[in-house]
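A short write-up of the structure that comes next.
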Amino acid sequence: MADRPFNALFLCTGNSARSIMAEAILNKLGQGKFRAYSAGSQPKGQVNPNTIQLLRGLGYDTSSFRSKSWSEFAKPGAPPLDFVFTVCDNAAGEACPVWPGQPMTAHWGIPDPAEARGSEAEIALAFKDAYRMLFQRIGIFTALPIRSLDKLSLQKKLREIGQNKIGQAVVSGA
C-alpha cells in the first residue's frame, strides 16, 4: 500500500447519519494516517440534523459534511480508495460501483439511528449508540498495524471488526 495516508470510504444508503459519523470519527482518530470519506447509494441530499447536533456537541467541525452519491468516488479523479466499509445492511446488499484500485472491503453494520422513534431523548440515544459503536470499531481499525499485515490477514481483521458484538462496550469519548 502507498506511503500516503490511507483513503477510506464509508457507505450507507442515505449518507445522512452513520456514514457521516464514521467519516468524522476516522478523520479525527486517524489524523495523518487516514483520510475518510462517506457516500450513499441513494443520498438524502442533506445530513440528518441529529447527526450534526451530536457531532457538534462532541467537538467536530461539521461545516464540510454533505450527503453525496457513491458515484462521485467511482469517477476519474476521485481519491484512490484503500478501504470501503458498508455501515448499513441495505448498502451491503446493493451492487456497488467498481472502485478503482480494488480497495479492501468489509461490512460493519450499525442500526440506523434515523429510523429511531420516540421522544427526543430516545432518538438522541439511538444516535449516541450508533456513534459509540462506530467509534469503537474505528478505534480498533486505526490501531491495526496495516502496513505490516499481509492482505489476507488484514481482510480477516477487517471482517472481524464488523462481526464483533461491541455494542455494550463503554468507549471513552463517546
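FYI, nothing fancy with the C-alpha cells labels: chains A, B, ... in order, residues from 1 per chain, ligands from 1 as they appear.
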
Quick one: residues within 9 Å of range 151-161 of chain A, only C-alpha atoms counted, chain neighbours fewer than 5 positions away excluded, as a ChimeraX atom specification?
/A:104-108,137-138,140-141,144-146,166

Excluding Asp3 in chain A and its own-chain neighbours fewer than 4 positions away, which residues fall within 12 Å of it when counting only C-alpha atoms? Please give them as a compact mmCIF listing (two decimals) with C-alpha atoms, in the first residue's frame.
```txt
# COMPACT_ATOMS: atom_id res chain seq x y z
CA ASN A 7 -8.23 6.57 1.98
CA GLY A 32 -2.34 11.86 9.41
CA LYS A 33 -2.70 8.11 8.84
CA PHE A 34 -6.15 8.05 7.20
CA ASP A 82 -7.75 1.70 0.04
CA ILE A 146 -1.86 -2.13 8.47
CA ARG A 147 1.48 -1.75 6.70
```

Contacts of range 125-131 of chain A at 7 Å or less, counting only C-alpha atoms, minus same-chain residues fewer than 4 places along, as a PyMOL selection string?
chain A and resi 18+21+51+110-111+113+116+121+135+174

DSSP on the backbone, helix (DSSP H, G or I) only: what residues of range 17-160 of chain A does that give? Format it as an MDAnalysis selection string.
chainID A and resid 18:29 49:57 70:73 89:93 113:115 120:143 146:148 151:160

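Between Lys44 in chain A and the candidates A:Ala74, A:Ala124, A:Val87, A:Ala17, the tightest atom-to-atom separation, counting only C-alpha atoms, involves A:Ala17.
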
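Per DSSP on the backbone, strand (DSSP E) in range 31-129 of chain A comprises Phe34, Arg35, Ala36, Tyr37, Ser38, Ala39, Gly40, Phe83, Val84, Phe85, Thr86, Met104, Thr105, Ala106 and His107 of chain A.
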
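Minimum atom-to-atom distances from A:Ser64, A:Ser148, A:Gln46, A:Ser38 to Leu9 in chain A were compared using only C-alpha atoms, and the lowest value belongs to A:Ser38.
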
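Comparing the minimum interatomic distances between Phe6 in chain A and each of A:Gly30, A:Gly118, A:Gly101, A:Gly139, counting only C-alpha atoms, we find that A:Gly30 sits nearest.
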
Near-Pro80 in chain A list (12 Å; only C-alpha atoms; drop same-chain fewer than 2 positions) as number ranges by chain:
A: 1-2, 4-9, 35-37, 72-78, 82-84, 99-104

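Distances to Thr86 in chain A were evaluated for A:Gln31, A:Gly40, A:Gly57, A:Gln163 using only C-alpha atoms, and the minimum falls at A:Gly40.
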
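The nearest approach to Phe85 in chain A among the residues A:Ile52, A:Gly109, A:Gln136, A:Asp150, with only C-alpha atoms taken into account, belongs to A:Gly109.
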